[in-house]
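See below for the structure under consideration.
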Amino acid sequence: PEDMEQFTYCGLGPMENYCDKRHAAYHGVFNTTVTGMHEDYIRPQENGAHGDCDYVSIESDGLRIFAVSSCQFSFNASHYTQEELTRKSHNYELDESGCTILCLDYRHNGIGSNSCGPELLKKYRLDEETIDFSMTIIPESK
């Protein structure tokens, strides 16, 4: 639901970060909002991602969803779908979805690419052919 706005997470923050864009981030417990995590650009569609997370909790007045994994993961939350971010060319064209979209990911590639610079270094690529990853998601009424 759209009113799931409050976030608590343990991971890299307080600003967005990716495996090759994280030198200013530090590991801690952060409280924020979905609206506050939005970065004012269209791409990448993982807008506002946070990596190396141990857990994330999103909540409204009546519901909380808690996600935890034994291996660190990445997440982002937005009022825009990835399809909306892909479809539009400019920020002012974006239409909110009327929902809160929570994406829980094993990992992401780094942001750098050879489209505007050198090829992404191997250590920042997600090249695994087999991934063994699991997560526990716990919904609870408040």
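Chain lettering (A, B, ...) mirrors the order of the structure tokens, residue numbering begins at 1 for each chain separately, and ligand numbering begins at 1 in order of display.
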In segment 3-76 of chain A, DSSP alpha helix (DSSP H) residues written as a PyMOL selection string: chain A and resi 34-37
Each segment 30-70 of chain A residue no farther than 12 Å from segment 83-87 of chain A, nearest pair in Å, only C-alpha atoms, as CSV:
```
residue,atom,partner,partner_atom,distance
A:His38,CA,A:Leu85,CA,11.9
A:Glu39,CA,A:Leu85,CA,11.8
A:Asp40,CA,A:Leu85,CA,11.1
A:Tyr41,CA,A:Leu85,CA,9.0
A:Ile42,CA,A:Leu85,CA,5.6
A:Arg43,CA,A:Leu85,CA,7.2
A:Pro44,CA,A:Leu85,CA,8.4
A:Gln45,CA,A:Leu85,CA,6.0
A:Glu46,CA,A:Leu85,CA,9.3
A:Asn47,CA,A:Leu85,CA,9.0
```
Pick from A:Ala24, A:Ala77, A:Leu126, A:Cys10, whichever lies nearest to Thr100 of chain A using only C-alpha atoms: A:Ala77
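Those residues that approach Leu63 of chain A to within 8 Å, counting only C-alpha atoms, are A:Met4, A:Glu59, A:Ser60, A:Pro139, A:Glu140, A:Ser141, A:Lys142; same-chain residues fewer than 3 positions away are not listed.
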Can I get the selection written as a compact mmCIF listing (two decimals), in the first residue's frame, with C-alpha atoms?
```
# COMPACT_ATOMS: atom_id res chain seq x y z
CA MET A 4 3.88 2.11 3.73
CA GLU A 59 5.74 0.04 7.74
CA SER A 60 2.53 2.00 7.85
CA PRO A 139 4.49 -9.48 7.59
CA GLU A 140 2.86 -8.41 10.84
CA SER A 141 -0.14 -6.38 11.86
CA LYS A 142 0.51 -3.54 14.25
```
Polymer residues at most 12 Å from Glu2 of chain A, only C-alpha atoms, same-chain spacing of 4 or more positions, as an NGL selection string: :A and (6 or 33-35 or 58-61 or 63 or 77-80 or 96-102)
Residues from the last selection, C-alpha atoms, saved as an mmCIF file, in the first residue's frame:
```cif
data_model
loop_
_atom_site.group_PDB
_atom_site.id
_atom_site.type_symbol
_atom_site.label_atom_id
_atom_site.label_comp_id
_atom_site.auth_asym_id
_atom_site.auth_seq_id
_atom_site.Cartn_x
_atom_site.Cartn_y
_atom_site.Cartn_z
ATOM 1 C CA GLN A 6 8.515 4.460 7.005
ATOM 2 C CA THR A 33 10.998 7.338 4.266
ATOM 3 C CA VAL A 34 10.280 6.051 0.777
ATOM 4 C CA THR A 35 9.907 9.658 -0.385
ATOM 5 C CA ILE A 58 8.899 -1.036 5.954
ATOM 6 C CA GLU A 59 5.738 0.039 7.740
ATOM 7 C CA SER A 60 2.525 2.003 7.853
ATOM 8 C CA ASP A 61 0.227 2.668 10.791
ATOM 9 C CA LEU A 63 1.286 -3.090 8.899
ATOM 10 C CA ALA A 77 11.799 1.455 -2.413
ATOM 11 C CA SER A 78 9.916 3.928 -4.530
ATOM 12 C CA HIS A 79 6.522 5.295 -5.451
ATOM 13 C CA TYR A 80 7.544 4.732 -9.102
ATOM 14 C CA GLU A 96 3.528 7.953 -9.050
ATOM 15 C CA SER A 97 2.076 4.448 -9.044
ATOM 16 C CA GLY A 98 -0.267 4.859 -6.066
ATOM 17 C CA CYS A 99 1.702 2.077 -4.328
ATOM 18 C CA THR A 100 4.960 1.612 -2.488
ATOM 19 C CA ILE A 101 7.263 -0.614 -4.504
ATOM 20 C CA LEU A 102 9.867 -2.527 -2.485
#
```
A:Asn17, A:Asn76, A:Ser89, A:Ser134 ranked by distance to Met37 of chain A, top pick (using only C-alpha atoms): A:Asn76
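Among the candidates A:Tyr92, A:Ile137, A:Pro14, A:Glu128, the residue lying nearest to Gly51 of chain A is A:Pro14 (atoms considered: only C-alpha atoms).
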Polymer residues at most 7 Å from Asp20 of chain A, only C-alpha atoms, same-chain spacing of 6 or more positions, as a list of chain:residue names: A:Gly110, A:Ile111, A:Tyr124
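Considering the residues A:Thr32, A:Gln72, A:Ile138, A:Gly48 and counting only C-alpha atoms, Gly11 of chain A has its shortest atom-to-atom contact with A:Gln72.
The environment of Met135 of chain A within 8 Å, counting only C-alpha atoms and disregarding residues fewer than 2 places along the same chain, consists of Ala67, Val68, Ser69, Ser70, Phe133 and Ile137 of chain A.
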Interatomic distance (Å, one decimal) between atom CA of Gly36 of chain A and atom CA of Glu5 of chain A: 9.3 Å
Non-local contacts of Thr8 of chain A (6 Å; only C-alpha atoms; under 2 positions in same chain excluded) as a list in words: Phe30, Asn31, Val56 and Ser57 of chain A
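Atom pair atom CA of Leu104 of chain A / atom CA of Glu16 of chain A: separated by 14.4 Å.
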Pick from A:Phe73, A:Tyr55, A:Tyr106, A:Tyr26, whichever lies nearest to Tyr9 of chain A using only C-alpha atoms: A:Tyr55
DSSP-assigned strand (DSSP E or B) members of chain A, reported as a PyMOL selection string: chain A and resi 6-13+18+21+26-33+50-59+63-78+101-105+136-141
